[in-house]
>>> print(open('query-v2.csv').read())   # CSV, C-alpha atoms
chain,number,residue,atom,x,y,z
R,251,MET,CA,21.5,-16.3,12.5
R,252,THR,CA,20.6,-16.4,16.2
R,253,GLY,CA,21.1,-13.0,17.8
R,254,GLY,CA,24.1,-10.8,17.2
R,255,ASP,CA,25.5,-7.3,16.9
R,256,THR,CA,25.2,-4.7,14.2
R,257,GLN,CA,25.7,-1.0,13.9
R,258,VAL,CA,22.2,-0.4,12.6
R,259,ALA,CA,19.2,-2.7,12.6
R,260,VAL,CA,16.4,-2.1,10.1
R,261,ILE,CA,13.1,-3.6,11.3
R,262,GLY,CA,11.0,-4.7,8.3
R,263,GLY,CA,12.1,-5.7,4.8
R,264,GLY,CA,9.4,-3.9,2.7
R,265,ALA,CA,10.0,-0.9,0.4
R,266,ALA,CA,11.2,1.4,3.2
R,267,GLY,CA,13.4,-1.2,4.9
R,268,VAL,CA,15.1,-2.2,1.6
R,269,ALA,CA,15.7,1.5,0.7
R,270,ALA,CA,17.2,2.2,4.1
R,271,GLY,CA,19.4,-0.8,3.9
R,272,ARG,CA,20.7,0.1,0.5
R,273,ARG,CA,21.4,3.7,1.6
R,274,LEU,CA,23.3,2.5,4.7
R,275,ARG,CA,25.3,-0.1,2.8
R,276,ALA,CA,26.3,2.5,0.2
R,277,ALA,CA,27.6,4.7,3.1
R,278,GLY,CA,29.7,1.8,4.4
R,279,ILE,CA,27.6,1.3,7.5
R,280,GLU,CA,27.0,-2.2,8.8
R,281,CYS,CA,23.3,-2.9,8.9
R,282,LEU,CA,21.0,-5.9,9.4
R,283,VAL,CA,17.5,-6.1,8.0
R,284,ILE,CA,15.2,-8.1,10.3
R,285,GLU,CA,12.0,-9.3,8.5
R,286,ALA,CA,9.1,-11.3,10.0
R,287,ARG,CA,8.1,-12.9,6.7
R,288,SER,CA,10.0,-15.6,4.7
R,289,ARG,CA,10.5,-13.0,1.9
R,290,LEU,CA,11.3,-9.4,1.3
R,291,GLY,CA,8.8,-6.9,-0.1
R,292,GLY,CA,6.3,-6.4,2.7
R,293,ARG,CA,3.0,-5.3,1.2
R,294,ALA,CA,4.6,-5.6,-2.3
R,295,TRP,CA,4.3,-9.3,-3.3
R,296,THR,CA,4.6,-10.8,-6.7
R,297,VAL,CA,3.6,-14.5,-7.2
R,298,ASN,CA,3.7,-16.6,-10.3
R,299,ALA,CA,0.5,-18.2,-11.4
R,300,GLN,CA,-0.9,-19.2,-14.7
R,301,GLY,CA,2.5,-18.4,-16.1
R,302,PHE,CA,2.3,-14.8,-15.2
R,303,ALA,CA,3.8,-12.5,-12.5
R,304,LEU,CA,0.9,-11.2,-10.4
R,305,ASP,CA,1.2,-8.4,-7.9
R,306,LEU,CA,-1.0,-9.3,-5.0
R,307,GLY,CA,0.0,-6.1,-3.2
R,308,CYS,CA,1.0,-2.8,-4.8
R,309,GLY,CA,1.1,-3.0,-8.6
R,310,TRP,CA,1.3,0.5,-10.0
R,311,LEU,CA,4.4,2.7,-10.2
R,312,HIS,CA,2.5,5.9,-9.1
R,313,SER,CA,4.1,9.2,-10.0
R,314,ALA,CA,6.3,7.1,-12.2
R,315,ASP,CA,8.1,10.1,-13.7
R,316,ARG,CA,9.7,10.7,-10.3
R,317,ASN,CA,9.4,7.2,-8.7
R,318,PRO,CA,12.8,5.8,-7.8
R,319,TRP,CA,11.6,2.2,-8.2
R,320,VAL,CA,11.4,2.8,-12.0
R,321,LYS,CA,15.2,3.1,-12.2
R,322,VAL,CA,15.6,0.1,-9.9
R,323,ALA,CA,13.3,-2.0,-12.1
R,324,GLU,CA,15.2,-1.1,-15.2
R,325,GLU,CA,18.6,-1.8,-13.6
R,326,GLN,CA,17.3,-5.2,-12.8
R,327,GLY,CA,16.4,-5.7,-16.5
R,328,HIS,CA,12.7,-5.6,-15.8
R,329,THR,CA,10.2,-4.2,-18.3
R,330,VAL,CA,8.4,-1.0,-17.4
R,331,ASP,CA,5.1,-0.9,-19.2
R,332,ARG,CA,4.1,2.7,-19.9
R,333,THR,CA,0.6,2.0,-21.1
R,334,PRO,CA,-1.8,4.6,-19.5
R,335,PRO,CA,-3.8,2.9,-16.7
R,336,PRO,CA,-7.4,1.9,-17.5
R,337,TRP,CA,-8.9,4.5,-15.2
R,338,MET,CA,-7.5,7.3,-17.4
R,339,ARG,CA,-10.0,6.4,-20.2
R,340,PRO,CA,-13.7,5.5,-20.3
R,341,ALA,CA,-14.8,2.1,-19.0
R,342,LEU,CA,-16.8,-0.4,-20.9
R,343,THR,CA,-20.4,0.9,-21.3
R,344,ILE,CA,-22.0,-2.4,-20.2
R,345,GLY,CA,-24.3,-1.2,-17.4
R,346,PHE,CA,-22.6,2.2,-17.4
R,347,SER,CA,-23.3,4.4,-20.5
R,348,LEU,CA,-20.8,6.9,-21.7
R,349,GLU,CA,-23.1,9.7,-20.8
R,350,GLU,CA,-23.4,8.3,-17.2
R,351,GLN,CA,-19.6,8.0,-17.0
R,352,ILE,CA,-19.2,11.6,-18.0
R,353,SER,CA,-21.7,12.7,-15.4
R,354,TYR,CA,-20.0,10.6,-12.8
R,355,ARG,CA,-16.5,12.0,-13.7
R,356,ASN,CA,-17.8,15.5,-13.5
R,357,ALA,CA,-19.2,14.8,-10.0
R,358,LEU,CA,-16.0,13.2,-8.9
R,359,GLU,CA,-13.9,16.1,-10.1
R,360,ALA,CA,-16.2,18.6,-8.4
R,361,PHE,CA,-15.9,16.5,-5.2
R,362,HIS,CA,-12.1,16.7,-5.4
R,363,GLU,CA,-12.2,20.4,-6.0
R,364,ARG,CA,-14.3,20.9,-2.9
R,365,ILE,CA,-11.8,18.8,-0.9
R,366,SER,CA,-8.9,21.0,-2.1
R,367,ALA,CA,-10.8,24.2,-1.1
R,368,ALA,CA,-11.8,22.8,2.3
R,369,ALA,CA,-8.3,21.5,3.1
R,370,LYS,CA,-7.2,25.2,3.5
R,371,ASN,CA,-9.8,25.7,6.2
R,372,GLU,CA,-10.1,24.9,9.9
R,373,PRO,CA,-11.1,22.5,11.3
R,374,ASP,CA,-10.2,19.4,9.3
R,375,THR,CA,-13.2,17.2,8.6
R,376,ALA,CA,-14.1,13.9,7.1
R,377,ALA,CA,-14.1,13.8,3.4
R,378,SER,CA,-17.8,12.6,3.5
R,379,ALA,CA,-18.7,16.2,4.5
R,380,LEU,CA,-17.8,17.3,1.0
R,381,LEU,CA,-20.2,15.0,-0.8
R,382,GLU,CA,-23.0,16.9,-2.5
R,383,PRO,CA,-26.3,16.0,-0.8
R,384,GLY,CA,-28.5,13.9,-3.1
R,385,CYS,CA,-25.9,13.5,-5.8
R,386,ARG,CA,-26.6,10.5,-8.0
R,387,TRP,CA,-23.0,9.4,-7.8
R,388,ASN,CA,-22.2,9.6,-4.1
R,389,ASN,CA,-22.2,5.8,-3.6
R,390,LEU,CA,-19.8,5.3,-6.4
R,391,ILE,CA,-17.5,8.2,-5.3
R,392,ASN,CA,-17.4,6.6,-1.9
R,393,GLY,CA,-16.6,3.2,-3.5
R,394,VAL,CA,-13.8,4.7,-5.6
R,395,ASN,CA,-12.4,6.2,-2.4
R,396,THR,CA,-12.0,2.7,-1.0
R,397,TYR,CA,-9.6,2.0,-3.8
R,398,ILE,CA,-7.7,5.3,-3.3
R,399,SER,CA,-7.5,5.4,0.5
R,400,GLY,CA,-8.5,1.9,1.4
R,401,ALA,CA,-11.4,3.4,3.4
R,402,GLU,CA,-14.7,5.2,2.8
R,403,THR,CA,-14.9,9.0,2.9
R,404,ASP,CA,-16.4,9.2,6.4
R,405,ARG,CA,-13.1,7.8,7.8
R,406,VAL,CA,-10.6,9.9,5.8
R,407,SER,CA,-9.2,13.4,6.6
R,408,VAL,CA,-9.9,16.0,4.0
R,409,ARG,CA,-6.5,17.6,4.6
R,410,ASP,CA,-4.6,14.3,4.4
R,411,PHE,CA,-6.4,13.4,1.2
R,412,ASP,CA,-5.5,16.8,-0.3
R,413,ASN,CA,-1.9,16.4,0.8
R,414,TYR,CA,-1.4,13.4,-1.5
R,415,ASP,CA,0.8,14.4,-4.4
R,416,ASP,CA,0.4,12.4,-7.6
R,417,SER,CA,2.0,13.4,-10.9
R,418,GLY,CA,-0.7,11.5,-12.8
R,419,VAL,CA,1.9,9.2,-14.5
R,420,ASN,CA,1.3,5.6,-13.6
R,421,TRP,CA,3.2,2.6,-15.0
R,422,ARG,CA,3.6,-1.1,-14.2
R,423,VAL,CA,6.4,-3.6,-14.1
R,424,ILE,CA,5.6,-6.7,-16.2
R,425,GLU,CA,7.8,-8.9,-14.0
R,426,GLY,CA,6.1,-7.5,-10.9
R,427,TYR,CA,6.5,-4.5,-8.6
R,428,GLY,CA,6.9,-6.9,-5.6
R,429,SER,CA,9.7,-8.8,-7.3
R,430,THR,CA,11.4,-5.5,-8.1
R,431,ILE,CA,11.4,-4.4,-4.4
R,432,ALA,CA,12.4,-7.9,-3.1
R,433,GLY,CA,15.2,-8.1,-5.7
R,434,ALA,CA,16.6,-4.7,-4.6
R,435,GLY,CA,17.4,-6.2,-1.2
R,436,VAL,CA,18.9,-9.5,-2.0
R,437,ASP,CA,22.5,-8.3,-1.4
R,438,LEU,CA,21.7,-6.9,2.1
R,439,SER,CA,22.4,-8.7,5.3
R,440,ILE,CA,19.0,-10.1,6.2
R,441,VAL,CA,17.3,-12.4,8.7
R,442,LEU,CA,14.0,-13.7,7.5
R,443,ASP,CA,11.2,-15.5,9.4
R,444,ASN,CA,12.1,-13.4,12.5
R,445,PRO,CA,9.3,-11.3,14.0
R,446,VAL,CA,10.4,-8.5,16.3
R,447,ARG,CA,8.8,-8.8,19.8
R,448,ARG,CA,10.3,-5.8,21.5
R,449,ILE,CA,12.8,-2.9,21.0
R,450,ASP,CA,14.5,-2.1,24.3
R,451,HIS,CA,16.0,1.4,24.1
R,452,SER,CA,16.7,1.8,27.9
R,453,GLY,CA,20.4,0.9,27.8
R,454,LYS,CA,23.5,2.2,26.0
R,455,ARG,CA,22.8,0.0,23.0
R,456,LEU,CA,19.4,-0.9,21.7
R,457,LYS,CA,18.3,-4.5,22.2
R,458,ILE,CA,15.9,-6.0,19.6
R,459,GLU,CA,14.2,-9.0,21.0
R,460,THR,CA,13.1,-11.4,18.2
R,461,ALA,CA,12.0,-14.9,17.6
R,462,LYS,CA,15.6,-15.8,16.8
R,463,GLY,CA,17.3,-14.2,19.8
R,464,VAL,CA,18.4,-10.7,20.8
R,465,PHE,CA,20.2,-8.4,18.4
R,466,ASN,CA,22.1,-5.3,19.6
R,467,ALA,CA,22.5,-2.1,17.6
R,468,ASP,CA,23.6,1.5,17.9
R,469,GLN,CA,20.5,2.7,16.0
R,470,VAL,CA,17.3,1.1,14.8
R,471,ILE,CA,15.1,2.1,11.8
R,472,VAL,CA,11.6,0.9,12.4
R,473,THR,CA,9.6,0.4,9.1
R,474,LEU,CA,6.7,-1.6,10.4
R,475,PRO,CA,3.2,-0.8,9.2
R,476,SER,CA,1.3,1.7,11.3
R,477,THR,CA,-1.2,-0.9,12.4
R,478,VAL,CA,1.5,-3.2,13.7
R,479,ILE,CA,3.0,-0.4,15.7
R,480,ALA,CA,-0.4,0.6,17.1
R,481,GLU,CA,-1.5,-3.0,17.9
R,482,SER,CA,1.8,-4.5,19.2
R,483,GLU,CA,1.6,-4.2,23.0
R,484,ASN,CA,5.0,-3.5,24.6
R,485,LEU,CA,6.8,-3.1,21.3
R,486,PHE,CA,8.9,-0.4,22.8
R,487,ALA,CA,10.6,-0.5,26.2
R,488,PRO,CA,10.3,2.1,27.7
R,489,ALA,CA,6.9,2.7,26.0
R,490,LEU,CA,6.5,5.4,23.4
R,491,PRO,CA,2.9,6.4,23.8
R,492,GLU,CA,3.2,9.3,21.3
R,493,LYS,CA,4.3,6.9,18.6
R,494,THR,CA,1.6,4.4,19.4
R,495,GLN,CA,-1.1,7.1,19.4
R,496,ALA,CA,0.2,8.5,16.1
R,497,ALA,CA,0.1,5.0,14.5
R,498,GLU,CA,-3.5,4.5,15.8
R,499,ASN,CA,-4.5,7.7,14.0
R,500,LEU,CA,-2.9,6.4,10.8
R,501,PRO,CA,-4.7,3.1,10.3
R,502,LEU,CA,-4.3,0.9,7.2
R,503,GLY,CA,-7.2,0.9,4.9
R,504,LEU,CA,-8.0,-2.3,3.0
R,505,ALA,CA,-7.7,-2.9,-0.8
R,506,ASP,CA,-7.7,-6.6,-1.9
R,507,LYS,CA,-7.2,-7.9,-5.5
R,508,LEU,CA,-8.6,-11.1,-6.9
R,509,PHE,CA,-7.1,-12.5,-10.1
R,510,MET,CA,-9.3,-14.7,-12.2
R,511,SER,CA,-8.7,-16.6,-15.4
R,512,LEU,CA,-10.9,-15.6,-18.4
R,513,ASP,CA,-11.7,-17.9,-21.3
R,514,SER,CA,-12.1,-16.3,-24.7
R,515,ALA,CA,-10.5,-13.2,-23.3
R,516,GLU,CA,-9.9,-11.8,-26.8
R,517,GLU,CA,-13.5,-10.6,-26.8
R,518,PHE,CA,-12.3,-7.7,-24.7
R,519,GLU,CA,-9.8,-5.0,-25.5
R,520,LYS,CA,-6.5,-5.2,-23.7
R,521,ASP,CA,-6.4,-3.2,-20.4
R,522,SER,CA,-10.1,-2.3,-20.5
R,523,ARG,CA,-12.2,-1.7,-17.3
R,524,LEU,CA,-15.6,-2.5,-16.1
R,525,TRP,CA,-17.6,-1.4,-13.0
R,526,GLY,CA,-19.6,-4.0,-11.1
R,527,ASP,CA,-22.5,-1.9,-9.9
R,528,ASN,CA,-22.3,1.9,-10.2
R,529,ASP,CA,-25.2,2.4,-7.7
R,530,ARG,CA,-23.5,1.2,-4.6
R,531,THR,CA,-20.3,1.6,-2.6
R,532,GLY,CA,-19.7,-2.1,-2.0
R,533,THR,CA,-18.9,-3.0,-5.6
R,534,ALA,CA,-15.8,-4.1,-7.4
R,535,THR,CA,-14.0,-2.8,-10.5
R,536,TYR,CA,-12.6,-5.3,-13.0
R,537,HIS,CA,-9.5,-4.7,-15.0
R,538,LEU,CA,-9.8,-6.9,-18.1
R,539,ARG,CA,-6.8,-8.4,-19.8
R,540,PRO,CA,-4.1,-6.6,-17.9
R,541,PHE,CA,-0.9,-6.6,-20.1
R,542,GLY,CA,-3.1,-8.4,-22.6
R,543,ARG,CA,-3.2,-11.5,-20.4
R,544,PRO,CA,-6.3,-13.8,-20.3
R,545,LEU,CA,-7.1,-12.6,-16.8
R,546,ILE,CA,-9.3,-10.3,-14.9
R,547,GLU,CA,-7.9,-8.3,-12.0
R,548,ALA,CA,-10.7,-7.4,-9.6
R,549,TYR,CA,-10.4,-4.7,-6.9
R,550,PHE,CA,-12.3,-4.6,-3.6
R,551,GLY,CA,-11.9,-2.0,-1.0
R,552,GLY,CA,-12.8,-0.6,2.5
R,553,ARG,CA,-15.6,-2.2,4.6
R,554,HIS,CA,-16.7,-4.2,1.7
R,555,ALA,CA,-13.3,-6.0,1.4
R,556,ALA,CA,-13.3,-6.5,5.2
R,557,GLU,CA,-16.7,-8.1,5.0
R,558,LEU,CA,-15.6,-10.5,2.2
R,559,GLU,CA,-12.4,-11.3,4.1
R,560,ALA,CA,-14.5,-12.2,7.2
R,561,ALA,CA,-16.6,-14.6,5.0
R,562,GLY,CA,-13.5,-16.4,3.6
R,563,GLU,CA,-11.4,-16.1,0.5
R,564,GLY,CA,-14.1,-17.8,-1.6
R,565,ALA,CA,-16.4,-14.9,-0.9
R,566,PHE,CA,-14.5,-12.6,-3.2
R,567,PHE,CA,-14.9,-14.9,-6.2
R,568,ASP,CA,-18.6,-15.6,-5.4
R,569,PHE,CA,-19.2,-11.8,-5.3
R,570,ALA,CA,-17.3,-11.2,-8.5
R,571,VAL,CA,-19.3,-14.0,-10.2
R,572,SER,CA,-22.6,-12.4,-9.0
R,573,GLU,CA,-21.7,-9.0,-10.5
R,574,LEU,CA,-20.3,-10.3,-13.7
R,575,VAL,CA,-23.2,-12.5,-14.4
R,576,ALA,CA,-25.6,-9.6,-13.8
R,577,LEU,CA,-23.7,-7.7,-16.5
R,578,PHE,CA,-23.0,-10.5,-19.0
R,579,GLY,CA,-25.5,-13.3,-18.3
R,580,SER,CA,-25.3,-16.6,-16.6
R,581,ASP,CA,-23.0,-18.2,-19.2
R,582,PHE,CA,-20.2,-15.9,-18.1
R,583,ALA,CA,-19.8,-17.8,-14.9
R,584,ARG,CA,-18.3,-20.7,-16.9
R,585,ARG,CA,-15.6,-18.5,-18.4
R,586,ILE,CA,-14.0,-17.4,-15.1
R,587,LYS,CA,-12.1,-19.2,-12.4
R,588,PRO,CA,-10.3,-17.9,-9.3
R,589,VAL,CA,-6.5,-17.8,-9.6
R,590,GLN,CA,-5.0,-15.9,-6.7
R,591,ILE,CA,-5.9,-13.5,-3.8
R,592,HIS,CA,-4.2,-12.4,-0.6
R,593,PRO,CA,-6.4,-11.0,2.2
R,594,TRP,CA,-4.2,-8.1,3.5
R,595,GLY,CA,-6.4,-7.4,6.5
R,596,ALA,CA,-5.9,-10.9,7.8
R,597,ASP,CA,-2.2,-10.8,7.2
R,598,PRO,CA,-0.6,-10.6,10.7
R,599,PHE,CA,2.4,-8.7,9.5
R,600,ALA,CA,0.4,-6.1,7.6
R,601,ARG,CA,-3.1,-5.9,9.0
R,602,GLY,CA,-4.2,-3.8,6.1
R,603,SER,CA,-3.1,-2.3,2.8
R,604,TYR,CA,-2.0,1.3,3.1
R,605,SER,CA,-2.5,4.2,5.5
R,606,TYR,CA,-5.0,7.1,5.7
R,607,ALA,CA,-5.2,9.7,8.4
R,608,LYS,CA,-8.3,10.1,10.5
R,609,PRO,CA,-10.0,13.5,10.4
R,610,GLY,CA,-7.9,16.0,12.3
R,611,LYS,CA,-4.9,13.7,12.5
R,612,THR,CA,-2.8,14.6,9.5
R,613,ASP,CA,0.0,15.8,11.7
R,614,CYS,CA,0.4,12.3,13.0
R,615,ARG,CA,2.5,11.4,9.9
R,616,ALA,CA,5.2,13.8,11.1
R,617,ILE,CA,4.9,12.6,14.7
R,618,LEU,CA,5.3,9.0,13.6
R,619,ALA,CA,8.3,9.9,11.4
R,620,ALA,CA,10.2,11.9,14.1
R,621,PRO,CA,13.4,10.3,15.5
R,622,VAL,CA,13.7,9.5,19.2
R,623,ASN,CA,16.9,10.5,20.9
R,624,ASP,CA,19.0,10.0,17.7
R,625,ARG,CA,18.7,6.3,18.2
R,626,LEU,CA,15.2,5.2,17.0
R,627,PHE,CA,14.2,6.3,13.5
R,628,PHE,CA,11.0,5.6,11.7
R,629,ALA,CA,10.1,5.1,8.0
R,630,GLY,CA,7.4,3.6,5.8
R,631,GLU,CA,4.6,5.0,3.7
R,632,ALA,CA,2.6,6.1,6.7
R,633,CYS,CA,5.5,8.5,7.6
R,634,SER,CA,5.2,10.3,4.3
R,635,ARG,CA,3.3,13.6,4.2
R,636,ASN,CA,2.7,13.6,0.4
R,637,ASP,CA,3.5,10.0,-0.9
R,638,PHE,CA,1.7,7.9,1.7
R,639,SER,CA,0.0,4.7,0.5
R,640,THR,CA,2.7,4.1,-2.1
R,641,ALA,CA,5.9,2.0,-2.4
R,642,HIS,CA,7.8,5.1,-3.5
R,643,GLY,CA,6.6,6.8,-0.3
R,644,GLY,CA,8.3,3.8,1.5
R,645,TRP,CA,11.5,4.3,-0.5
R,646,LEU,CA,11.7,8.0,0.2
R,647,THR,CA,11.1,7.8,3.9
R,648,GLY,CA,13.4,4.8,4.2
R,649,ALA,CA,16.2,6.6,2.4
R,650,ALA,CA,15.5,9.8,4.5
R,651,ALA,CA,15.7,7.8,7.8
R,652,ALA,CA,19.0,6.2,6.7
R,653,ASP,CA,20.4,9.7,5.9
R,654,GLU,CA,19.4,10.8,9.4
R,655,VAL,CA,21.3,7.8,10.9
R,656,ILE,CA,24.3,8.5,8.7
R,657,ALA,CA,24.4,12.2,9.9
R,658,VAL,CA,24.1,11.1,13.6
R,659,ARG,CA,27.0,8.7,13.2
R,660,GLN,CA,29.1,11.3,11.5
R,661,ARG,CA,28.5,13.8,14.3
R,662,LYS,CA,29.5,11.2,17.0
R,663,ARG,CA,32.9,10.3,15.3
>>> encode(input="query-v2.csv", output="structure tokens")
Amino acid sequence: MTGGDTQVAVIGGGAAGVAAGRRLRAAGIECLVIEARSRLGGRAWTVNAQGFALDLGCGWLHSADRNPWVKVAEEQGHTVDRTPPPWMRPALTIGFSLEEQISYRNALEAFHERISAAAKNEPDTAASALLEPGCRWNNLINGVNTYISGAETDRVSVRDFDNYDDSGVNWRVIEGYGSTIAGAGVDLSIVLDNPVRRIDHSGKRLKIETAKGVFNADQVIVTLPSTVIAESENLFAPALPEKTQAAENLPLGLADKLFMSLDSAEEFEKDSRLWGDNDRTGTATYHLRPFGRPLIEAYFGGRHAAELEAAGEGAFFDFAVSELVALFGSDFARRIKPVQIHPWGADPFARGSYSYAKPGKTDCRAILAAPVNDRLFFAGEACSRNDFSTAHGGWLTGAAAADEVIAVRQRKR
């Protein structure tokens, strides 16, 4: 398709865009999803490697007991694995004794309690202000925050961190979370490989300038990542400086995953976990035998992940080898091989993994989500006050934006 007209254009085919498109289609409204990539799913991406479905982006159905993607996955015939996640039980004691793990867990819980108390106060501060001075576990707590927020505690708002609402129920889709989200949009009208260059809202109808021509629409739902909105010069015409500033204050943190094959994997219990180095922030965690597969799923976050990306994809494996050899001995290097990784910070259509609010900028989520003149609507995990950084946050905001569009169109009849 080269250019064209539609009633509603949805910019971005990730979780929010797919959810918006499904809601509009169910209401009988003509819509077109315009996606820059050659696939749907956005920051949810399942690839097949070593005979397994591997989620290079989001992989956990967080708050699964109320996550709408669970029903979608089951309707697709996918298998939802309800095994509790490895972080809900003790890690392997290699290099990290059970006594040390209990001490660390107590320190982490106390830190979160201080955050919850401080979130009720003014002014909002960086979460690092709540670290206990001299605590043995501050580096590890900071490292864990890079997996939770994609950023270290000095960059993250206390109030925003506390706003996150998680039921504590976390499941996985064996066939892949990314494949579930992409599969949910296959029946929509879609144009792939089509980056949006500008959204002109100066005229009676909106003009979406893209690599494949100009598309005209009555309303547009923008589901682009906050970093893309912040860094795309002249995305809106006329400019929307309030949106750009809000997006700048909701940057995407970084969380990358490296999958490695593991020989003689049966040595380890299914879905067990291992810390690389519990004395530093720049470490990785290792999920051993996810789903019982002969694999290791390694997690890297924050500035550490950014440094490894800058050094090249091979740097992730080299770092993982160095940590695992330090724990298991030099022979362990022969048992592992790199399988798959995707550097999300270098991805031009993501530029990061998931959003966090800078200190004092929590209100920017509502500012980013607010409609403009009943014609421009916004969705995506960064627009969610309580479910940011998740695919179900994308779903909920996408569906909400679609409902707003439906209401506007009904009023104008």
>>> residues_around(input="query-v2.csv", residues="Pro491 in chain R", least_positions_apart="6", cutoff="12 Å", atoms="all atoms listed in the file", output="list of chain:residue names")
R:Ile479, R:Ala480, R:Glu481, R:Ser482, R:Glu483, R:Asn484, R:Leu485, R:Ala497, R:Glu498, R:Ile617, R:Leu618
>>> write_last_selection(input="query-v2.csv", atoms="C-alpha atoms", output="PDB file, in the frame of the given file")
ATOM      1  CA  ILE R 479       3.000  -0.400  15.700  1.00  0.00           C
ATOM      2  CA  ALA R 480      -0.400   0.600  17.100  1.00  0.00           C
ATOM      3  CA  GLU R 481      -1.500  -3.000  17.900  1.00  0.00           C
ATOM      4  CA  SER R 482       1.800  -4.500  19.200  1.00  0.00           C
ATOM      5  CA  GLU R 483       1.600  -4.200  23.000  1.00  0.00           C
ATOM      6  CA  ASN R 484       5.000  -3.500  24.600  1.00  0.00           C
ATOM      7  CA  LEU R 485       6.800  -3.100  21.300  1.00  0.00           C
ATOM      8  CA  ALA R 497       0.100   5.000  14.500  1.00  0.00           C
ATOM      9  CA  GLU R 498      -3.500   4.500  15.800  1.00  0.00           C
ATOM     10  CA  ILE R 617       4.900  12.600  14.700  1.00  0.00           C
ATOM     11  CA  LEU R 618       5.300   9.000  13.600  1.00  0.00           C
TER      12      LEU R 618
END
>>> closest_residue(input="query-v2.csv", among="R:Gln660, R:Gln326, R:Gln590, R:Asn623", to="Ala432 in chain R", atoms="all atoms listed in the file")
R:Gln326
>>> closest_residue(input="query-v2.csv", among="R:Glu492, R:Asp415, R:Glu425, R:Asp468", to="Ser634 in chain R", atoms="all atoms listed in the file")
R:Asp415
>>> residues_around(input="query-v2.csv", residues="Ala600 in chain R", least_positions_apart="6", cutoff="7 Å", atoms="only C-alpha atoms", output="ChimeraX atom specification")
/R:293,475,478,594
>>> atom_distance(input="query-v2.csv", atom1="CA of Arg635 in chain R", atom2="CA of Ala265 in chain R")
16.4 Å
>>> atom_distance(input="query-v2.csv", atom1="CA of Gly648 in chain R", atom2="CA of Ala277 in chain R")
14.2 Å
>>> closest_residue(input="query-v2.csv", among="R:Leu558, R:Ala649, R:Ala496, R:Ile449", to="Asp613 in chain R", atoms="all atoms listed in the file")
R:Ala496
>>> residues_around(input="query-v2.csv", residues="range 318-324 of chain R", least_positions_apart="5", cutoff="7 Å", atoms="all atoms listed in the file", output="NGL selection string")
:R and (329 or 430 or 642)
>>> closest_residue(input="query-v2.csv", among="R:Ala555, R:Ile261, R:Ala367, R:Val571", to="Asn444 in chain R", atoms="only C-alpha atoms")
R:Ile261
>>> residues_around(input="query-v2.csv", residues="Ile398 in chain R", least_positions_apart="4", cutoff="9 Å", atoms="all atoms listed in the file", output="number ranges by chain")
R: 394, 505, 551, 639
>>> residues_around(input="query-v2.csv", residues="Lys370 in chain R", least_positions_apart="4", cutoff="9 Å", atoms="all atoms listed in the file", output="PyMOL selection string")
chain R and resi 366+374+409
>>> closest_residue(input="query-v2.csv", among="R:Ala616, R:Ile352, R:Glu363, R:Ile431", to="Trp645 in chain R", atoms="only C-alpha atoms")
R:Ile431
>>> closest_residue(input="query-v2.csv", among="R:Gly278, R:Gly602, R:Gly264, R:Gly309", to="Ile424 in chain R", atoms="only C-alpha atoms")
R:Gly309
>>> closest_atom_pairs(input="query-v2.csv", of="range 422-462 of chain R", to="range 625-630 of chain R", cutoff="12 Å", atoms="only C-alpha atoms", output="Markdown table")
| residue | atom | partner | partner_atom | distance |
| --- | --- | --- | --- | --- |
| R:Ile449 | CA | R:Leu626 | CA | 9.3 |
| R:Asp450 | CA | R:Leu626 | CA | 10.3 |
| R:His451 | CA | R:Leu626 | CA | 8.1 |
| R:Ser452 | CA | R:Arg625 | CA | 10.9 |
| R:Gly453 | CA | R:Arg625 | CA | 11.1 |
| R:Lys454 | CA | R:Arg625 | CA | 10.0 |
| R:Arg455 | CA | R:Arg625 | CA | 8.9 |
| R:Leu456 | CA | R:Arg625 | CA | 8.0 |
| R:Lys457 | CA | R:Leu626 | CA | 11.4 |
| R:Ile458 | CA | R:Leu626 | CA | 11.5 |
